[in-house]
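Read the structure below first, then the notes.
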Amino acid sequence: MDPGRFDLRAVVLRRAIVLDGDGDPAGAGAFEPVMTLWASYRPESVREAAQGGRAQNVEAGTLTIRDSAQARTVTNGDRIALQGRDFGIAGVGLPDRRTGTIQIAIATDFGGA
């Protein structure tokens with residue numbers, strides 16, 4: 001993929017693990033930025049859905065990032081901040097050795113999260 005196509009800054013947001021007084025995991029905190037990556041985004045669908053009793057637009061697409069040790073830590077439990085909007089991660093593809101990229105399916109529909 002042409003390096004010029006990675007024209008967006010995507011921020012990966014992750015929940016920190018909250019520990020209790022004994023040092024045992026007690027839950028998850030708020031989403032916080034953990035890394036910023038150059039990315040390319042291709043929208044795939046926009047639809048309207050009822051969520052929380054009101055209609056809202058839901059956008060889905062594919063985010064392409066460069067493969068790296070840091071990028072390989074992205075999971076479905078993370079979120080992506082892109083162009084001022086938060087996206088949930090629907091799936092993370094395996095690294096493609098041929099292109100040196102990772103494909104991530106993202107959507108503004110957070111479901112039960």
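Chain labels run A, B, ... following the order of the structure tokens; each chain numbers its residues from 1, and ligands are numbered from 1 in the order shown.
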
For segment 63-74 of chain A, please output as an mmCIF file with C-alpha atoms, in the first residue's frame all residues within 6 Å (counting only C-alpha atoms; exclusion window: fewer than 5 positions along the same chain).
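Below is the file result-v5.cif, written as the result:
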data_model
loop_
_atom_site.group_PDB
_atom_site.id
_atom_site.type_symbol
_atom_site.label_atom_id
_atom_site.label_comp_id
_atom_site.auth_asym_id
_atom_site.auth_seq_id
_atom_site.Cartn_x
_atom_site.Cartn_y
_atom_site.Cartn_z
ATOM 1 C CA ALA A 39 -4.230 4.891 9.239
ATOM 2 C CA SER A 40 -6.393 4.723 6.138
ATOM 3 C CA TYR A 41 -10.188 4.493 6.485
ATOM 4 C CA GLY A 100 2.651 -5.008 5.975
ATOM 5 C CA THR A 101 -0.797 -3.924 7.178
ATOM 6 C CA ILE A 102 -3.552 -4.935 9.575
ATOM 7 C CA GLN A 103 -7.247 -4.536 8.694
ATOM 8 C CA ILE A 104 -9.627 -3.535 11.518
#

Chain A: residues DSSP assigns to strand (DSSP E), reported as a PyMOL selection string: chain A and resi 8-19+25-51+54-66+79-82+85-92+101-107

Exercise: Arg14 of chain A partners within 10 Å, only C-alpha atoms, chain neighbours under 4 positions left out, as a ChimeraX atom specification: /A:28-35,74-75,77-80

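Using only C-alpha atoms, the residues found no farther than 7 Å from Ala107 of chain A, other than those of its own chain fewer than 6 positions away, are Val58, Glu59, Ala60, Gly61, Phe87, Gly88, Ile89 and Ala90 of chain A.
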
For the residues selected in the previous step, produce a file with N, CA, C and O atoms as a CSV table (one decimal), in the first residue's frame.
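File result.csv, as written:
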chain,number,residue,atom,x,y,z
A,58,VAL,N,-25.4,5.1,12.2
A,58,VAL,CA,-24.4,4.1,12.5
A,58,VAL,C,-23.5,3.9,11.3
A,58,VAL,O,-24.0,3.6,10.2
A,59,GLU,N,-22.2,4.2,11.4
A,59,GLU,CA,-21.3,4.0,10.3
A,59,GLU,C,-20.4,2.9,10.6
A,59,GLU,O,-19.9,2.7,11.7
A,60,ALA,N,-20.1,2.1,9.5
A,60,ALA,CA,-19.1,1.0,9.6
A,60,ALA,C,-18.1,1.1,8.5
A,60,ALA,O,-18.4,1.6,7.4
A,61,GLY,N,-16.9,0.6,8.7
A,61,GLY,CA,-15.9,0.6,7.7
A,61,GLY,C,-14.7,-0.2,8.1
A,61,GLY,O,-14.7,-0.8,9.1
A,87,PHE,N,-15.2,4.9,17.6
A,87,PHE,CA,-15.7,3.7,16.9
A,87,PHE,C,-15.4,2.5,17.8
A,87,PHE,O,-14.3,2.4,18.4
A,88,GLY,N,-16.3,1.5,17.8
A,88,GLY,CA,-16.0,0.2,18.4
A,88,GLY,C,-15.3,-0.7,17.4
A,88,GLY,O,-15.5,-0.5,16.2
A,89,ILE,N,-14.6,-1.6,17.9
A,89,ILE,CA,-13.9,-2.6,17.0
A,89,ILE,C,-14.7,-3.8,16.9
A,89,ILE,O,-15.0,-4.5,17.9
A,90,ALA,N,-15.1,-4.2,15.7
A,90,ALA,CA,-15.9,-5.4,15.5
A,90,ALA,C,-15.0,-6.6,15.2
A,90,ALA,O,-15.4,-7.7,15.4

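Coordinates place atom CA of Ala81 of chain A at a distance of 7.1 Å from atom CA of Leu13 of chain A.
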
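In this model, the gap between atom CA of Ala10 of chain A and atom CA of Val92 of chain A comes to 14.6 Å.
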